[in-house]
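model.csv (CSV, C-alpha atoms)
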chain,number,residue,atom,x,y,z
A,4,MET,CA,16.3,-18.7,-13.3
A,5,ASP,CA,16.4,-16.1,-10.6
A,6,LEU,CA,18.2,-12.8,-11.0
A,7,LEU,CA,18.8,-10.1,-8.3
A,8,LYS,CA,18.6,-6.4,-8.9
A,9,ILE,CA,19.7,-3.9,-6.2
A,10,SER,CA,17.6,-0.8,-6.0
A,11,LYS,CA,18.6,1.7,-3.3
A,12,LYS,CA,18.1,-0.1,0.1
A,13,ARG,CA,16.6,-3.3,-1.2
A,14,VAL,CA,17.2,-6.4,-3.3
A,15,ILE,CA,14.5,-7.4,-5.8
A,16,LYS,CA,14.2,-11.0,-6.8
A,17,MET,CA,13.4,-11.2,-10.5
A,18,THR,CA,12.3,-14.4,-12.2
A,19,THR,CA,12.8,-15.3,-15.8
A,20,SER,CA,13.0,-18.2,-18.2
A,21,PHE,CA,15.4,-18.3,-21.2
A,22,GLY,CA,14.2,-19.0,-24.7
A,23,ALA,CA,12.1,-17.4,-27.3
A,24,GLY,CA,10.1,-14.5,-25.9
A,25,ALA,CA,11.8,-14.7,-22.4
A,26,GLU,CA,10.5,-12.0,-20.1
A,27,VAL,CA,11.9,-10.6,-16.9
A,28,LYS,CA,9.2,-10.0,-14.3
A,29,PRO,CA,10.2,-7.9,-11.3
A,30,ALA,CA,8.7,-8.6,-7.9
A,31,SER,CA,5.7,-6.5,-6.9
A,32,ALA,CA,6.4,-3.1,-5.5
A,33,ILE,CA,3.5,-3.6,-3.0
A,34,THR,CA,3.8,-6.3,-0.4
A,35,ARG,CA,1.1,-7.3,2.1
A,36,ARG,CA,2.4,-7.1,5.6
A,37,ALA,CA,1.2,-9.2,8.6
A,38,SER,CA,-1.2,-7.3,10.9
A,39,PRO,CA,-2.7,-8.1,14.3
A,40,ARG,CA,-6.3,-8.4,13.0
A,41,PRO,CA,-8.1,-9.1,9.8
A,42,THR,CA,-9.7,-5.7,9.7
A,43,LEU,CA,-6.3,-4.0,9.4
A,44,LEU,CA,-4.6,-4.2,6.0
A,45,ALA,CA,-1.0,-3.2,6.0
A,46,PHE,CA,1.1,-2.9,2.8
A,47,GLU,CA,4.7,-2.0,2.2
A,48,ILE,CA,5.7,-0.1,-0.9
A,49,ALA,CA,9.2,-0.5,-2.1
A,50,GLY,CA,9.9,0.5,-5.7
A,51,LYS,CA,8.0,1.9,-8.6
A,52,ILE,CA,4.3,1.0,-8.5
A,53,ALA,CA,3.0,-0.6,-11.7
A,54,LYS,CA,-0.6,-1.0,-12.9
A,55,ALA,CA,-0.5,-4.7,-11.9
A,56,ASP,CA,0.7,-3.8,-8.4
A,57,ILE,CA,-2.1,-1.3,-7.8
A,58,GLU,CA,-4.7,-3.6,-9.2
A,59,ASP,CA,-3.6,-6.4,-6.8
A,60,MET,CA,-3.7,-4.1,-3.8
A,61,ALA,CA,-7.2,-2.8,-4.9
A,62,ARG,CA,-8.5,-6.4,-5.2
A,63,GLN,CA,-7.3,-7.2,-1.6
A,64,ILE,CA,-8.9,-4.0,-0.3
A,65,ASP,CA,-12.2,-4.7,-2.1
A,66,GLU,CA,-12.2,-8.2,-0.7
A,67,ALA,CA,-11.8,-6.7,2.8
A,68,PHE,CA,-14.6,-4.2,2.1
A,69,ASP,CA,-16.9,-7.1,1.1
A,70,ALA,CA,-16.0,-9.1,4.2
A,71,TYR,CA,-16.1,-6.3,6.9
A,72,ASP,CA,-18.1,-3.2,7.4
A,73,ARG,CA,-15.1,-1.1,8.5
A,74,ILE,CA,-11.4,-1.6,8.1
A,75,ASP,CA,-8.1,0.3,8.7
A,76,ILE,CA,-5.3,0.6,6.2
A,77,LEU,CA,-1.6,1.2,6.9
A,78,LEU,CA,0.8,1.9,4.0
A,79,ILE,CA,4.6,1.8,4.7
A,80,MET,CA,6.4,3.6,1.9
A,81,SER,CA,9.9,2.2,2.7
A,82,ASP,CA,11.4,2.9,-0.7
A,83,PHE,CA,8.8,4.6,-2.9
A,84,GLU,CA,10.1,5.3,-6.4
A,85,GLY,CA,7.0,6.6,-8.0
A,86,LEU,CA,4.0,5.3,-10.1
A,87,ASP,CA,3.7,4.2,-13.7
A,88,ALA,CA,1.1,6.2,-15.6
A,89,GLY,CA,-1.2,3.1,-15.8
A,90,ALA,CA,-1.2,2.8,-12.0
A,91,VAL,CA,-2.3,6.5,-11.5
A,92,PHE,CA,-5.5,6.1,-13.4
A,93,ASP,CA,-6.3,2.5,-12.8
A,94,ARG,CA,-10.1,1.8,-12.7
A,95,GLU,CA,-9.9,-0.8,-10.0
A,96,ALA,CA,-7.9,1.4,-7.7
A,97,LEU,CA,-10.2,4.4,-8.3
A,98,GLY,CA,-13.2,2.1,-7.4
A,99,ALA,CA,-11.5,1.1,-4.2
A,100,GLN,CA,-10.8,4.7,-3.3
A,101,ILE,CA,-14.4,5.6,-3.8
A,102,ARG,CA,-15.6,2.7,-1.6
A,103,SER,CA,-13.0,3.6,1.0
A,104,VAL,CA,-15.1,6.6,2.1
A,105,ARG,CA,-17.7,4.2,3.4
A,106,HIS,CA,-15.5,1.4,4.7
A,107,VAL,CA,-12.2,2.8,6.0
A,108,HIS,CA,-12.0,4.1,9.6
A,109,LYS,CA,-8.3,4.9,9.8
A,110,TYR,CA,-5.8,5.4,7.0
A,111,GLY,CA,-2.1,5.7,8.0
A,112,VAL,CA,0.8,6.3,5.7
A,113,VAL,CA,4.4,6.0,6.8
A,114,GLY,CA,7.2,7.6,4.8
A,115,ALA,CA,5.0,9.4,2.2
A,116,PRO,CA,6.8,11.9,0.0
A,117,ALA,CA,5.9,15.6,0.7
A,118,TRP,CA,3.3,15.9,-2.1
A,119,ALA,CA,1.5,12.7,-1.0
A,120,ARG,CA,1.7,13.8,2.7
A,121,ALA,CA,0.1,17.1,1.8
A,122,MET,CA,-2.8,15.4,-0.1
A,123,ILE,CA,-3.4,12.9,2.7
A,124,GLU,CA,-3.4,15.6,5.4
A,125,PHE,CA,-5.8,17.8,3.3
A,126,SER,CA,-8.1,14.9,2.6
A,127,ASP,CA,-8.4,14.3,6.4
A,128,PHE,CA,-10.4,17.5,6.6
A,129,LEU,CA,-12.7,16.6,3.7
A,130,SER,CA,-13.4,12.9,4.4
A,131,PRO,CA,-14.9,10.9,7.2
A,132,VAL,CA,-11.7,8.7,7.1
A,133,ASP,CA,-9.3,9.4,10.0
A,134,ALA,CA,-6.1,9.9,8.0
A,135,LYS,CA,-2.6,10.5,9.4
A,136,THR,CA,0.9,10.5,8.1
A,137,PHE,CA,4.2,9.5,9.8
A,138,ASP,CA,7.8,9.9,9.0
A,139,LEU,CA,9.6,6.6,8.1
A,140,ALA,CA,11.3,6.6,11.5
A,141,GLN,CA,7.8,6.7,13.2
A,142,GLU,CA,6.6,3.3,11.9
A,143,ALA,CA,6.1,2.0,15.5
A,144,GLU,CA,4.0,5.0,16.3
A,145,ALA,CA,1.9,4.4,13.2
A,146,TRP,CA,1.2,0.8,14.2
A,147,ALA,CA,0.3,2.0,17.8
A,148,TRP,CA,-2.1,4.7,16.3
A,149,ILE,CA,-3.8,2.4,13.9
A,150,SER,CA,-4.2,-0.6,16.3
A,151,PRO,CA,-3.9,0.7,19.8
A,152,ASP,CA,-5.5,-2.4,21.4
A,153,PRO,CA,-2.9,-5.1,22.0
A,154,ALA,CA,-5.7,-7.7,21.6
A,155,GLY,CA,-6.3,-6.4,18.1
A,156,ARG,CA,-9.7,-4.8,18.8
Mind turning the file's structure into structure tokens?
Amino acid sequence: MDLLKISKKRVIKMTTSFGAGAEVKPASAITRRASPRPTLLAFEIAGKIAKADIEDMARQIDEAFDAYDRIDILLIMSDFEGLDAGAVFDREALGAQIRSVRHVHKYGVVGAPAWARAMIEFSDFLSPVDAKTFDLAQEAEAWAWISPDPAGR
């Protein structure tokens, strides 16, 4: 059976089955978005990030690292509601972050909260990754910055 939950600006589809041990599983807070080229991974974040969400995103990023020497990543935080404690210190996510120094060329974040924006902008000075933040209303500018070539590079 499908249930709907309204959270701020979005509707989450939740799936459950009734019976002994029935469990409600919310949709992932991180959704892969279509991009103009395989070396650009775009994700939308809407909701509170759970450990399973961050692990799935880390797996997708690691697969891209294995397939391509350099990639770009764009995060669109359309309705970010925070992180579960397990997501903050997830081993797979930390591994992907470490590998990103070697594999990520551009890292753009749209709609980051102030604390995350400050961290991203500070890390831009310390890392070889070209990192940039954008307000939520600047999503089109973020796409143009991360993939300026209409042919997709």
Set the distance at 8 Å and use only C-alpha atoms: which residues neighbour Ile76 in chain A once local chain neighbours fewer than 5 positions away are removed? I'd like the list as a PyMOL selection string.
chain A and resi 43-45+107+109-111
Contact residues around Asp59 in chain A with all atoms listed in the file at 10 Å, ignoring same-chain residues under 3 positions, as a ChimeraX atom specification = /A:31,33-34,54-56,62-65,95-96
(message) Counting only C-alpha atoms, which residue out of A:Lys51, A:Asp87, A:Thr42, A:Val113 sits closest to Asp75 in chain A?
(response)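 Among A:Lys51, A:Asp87, A:Thr42, A:Val113, it is A:Thr42 that comes nearest to Asp75 in chain A.
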With only C-alpha atoms as the atoms that count, which of A:Leu77, A:Ala143, A:Ala49, A:Ile57 lies nearest to His108 in chain A?
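Between A:Leu77, A:Ala143, A:Ala49, A:Ile57, the residue approaching His108 in chain A most closely is A:Leu77.
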- Message: I want to know what sits within 6 Å of Phe83 in chain A, based on all atoms listed in the file, with residues of the same chain fewer than 2 positions away left out; could you give that as a list in words?
- Response: Ile48, Ala49, Gly50, Met80 and Gly85 of chain A
Find the residue from A:Asp69, A:Lys135, A:Ala37, A:Leu78 that sits nearest to Met122 in chain A; use only C-alpha atoms when measuring.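 Looking at the shortest contact to Met122 in chain A, the residue is A:Lys135.
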Figure out the distance between CA of Ala134 in chain A and CA of Arg120 in chain A, please, to one decimal in Å.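 If I compute the distance from CA of Arg120 in chain A to CA of Ala134 in chain A, I get 10.2 Å.
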Rounded to one decimal, what separation in Å do you get between CA of Thr136 in chain A and CA of Pro151 in chain A?
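Taking CA of Thr136 in chain A and CA of Pro151 in chain A, their separation equals 16.0 Å.
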* When distances are computed from only C-alpha atoms, which of A:Ile149, A:Ile79, A:Ile74, A:Arg36 shows the smallest separation from Gly114 in chain A? ->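 Looking at the shortest contact to Gly114 in chain A, the residue is A:Ile79.
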CA of Phe137 in chain A to CA of Ala61 in chain A, straight-line distance in Å:
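Answer for the CA of Ala61 in chain A to CA of Phe137 in chain A separation: 22.3 Å.
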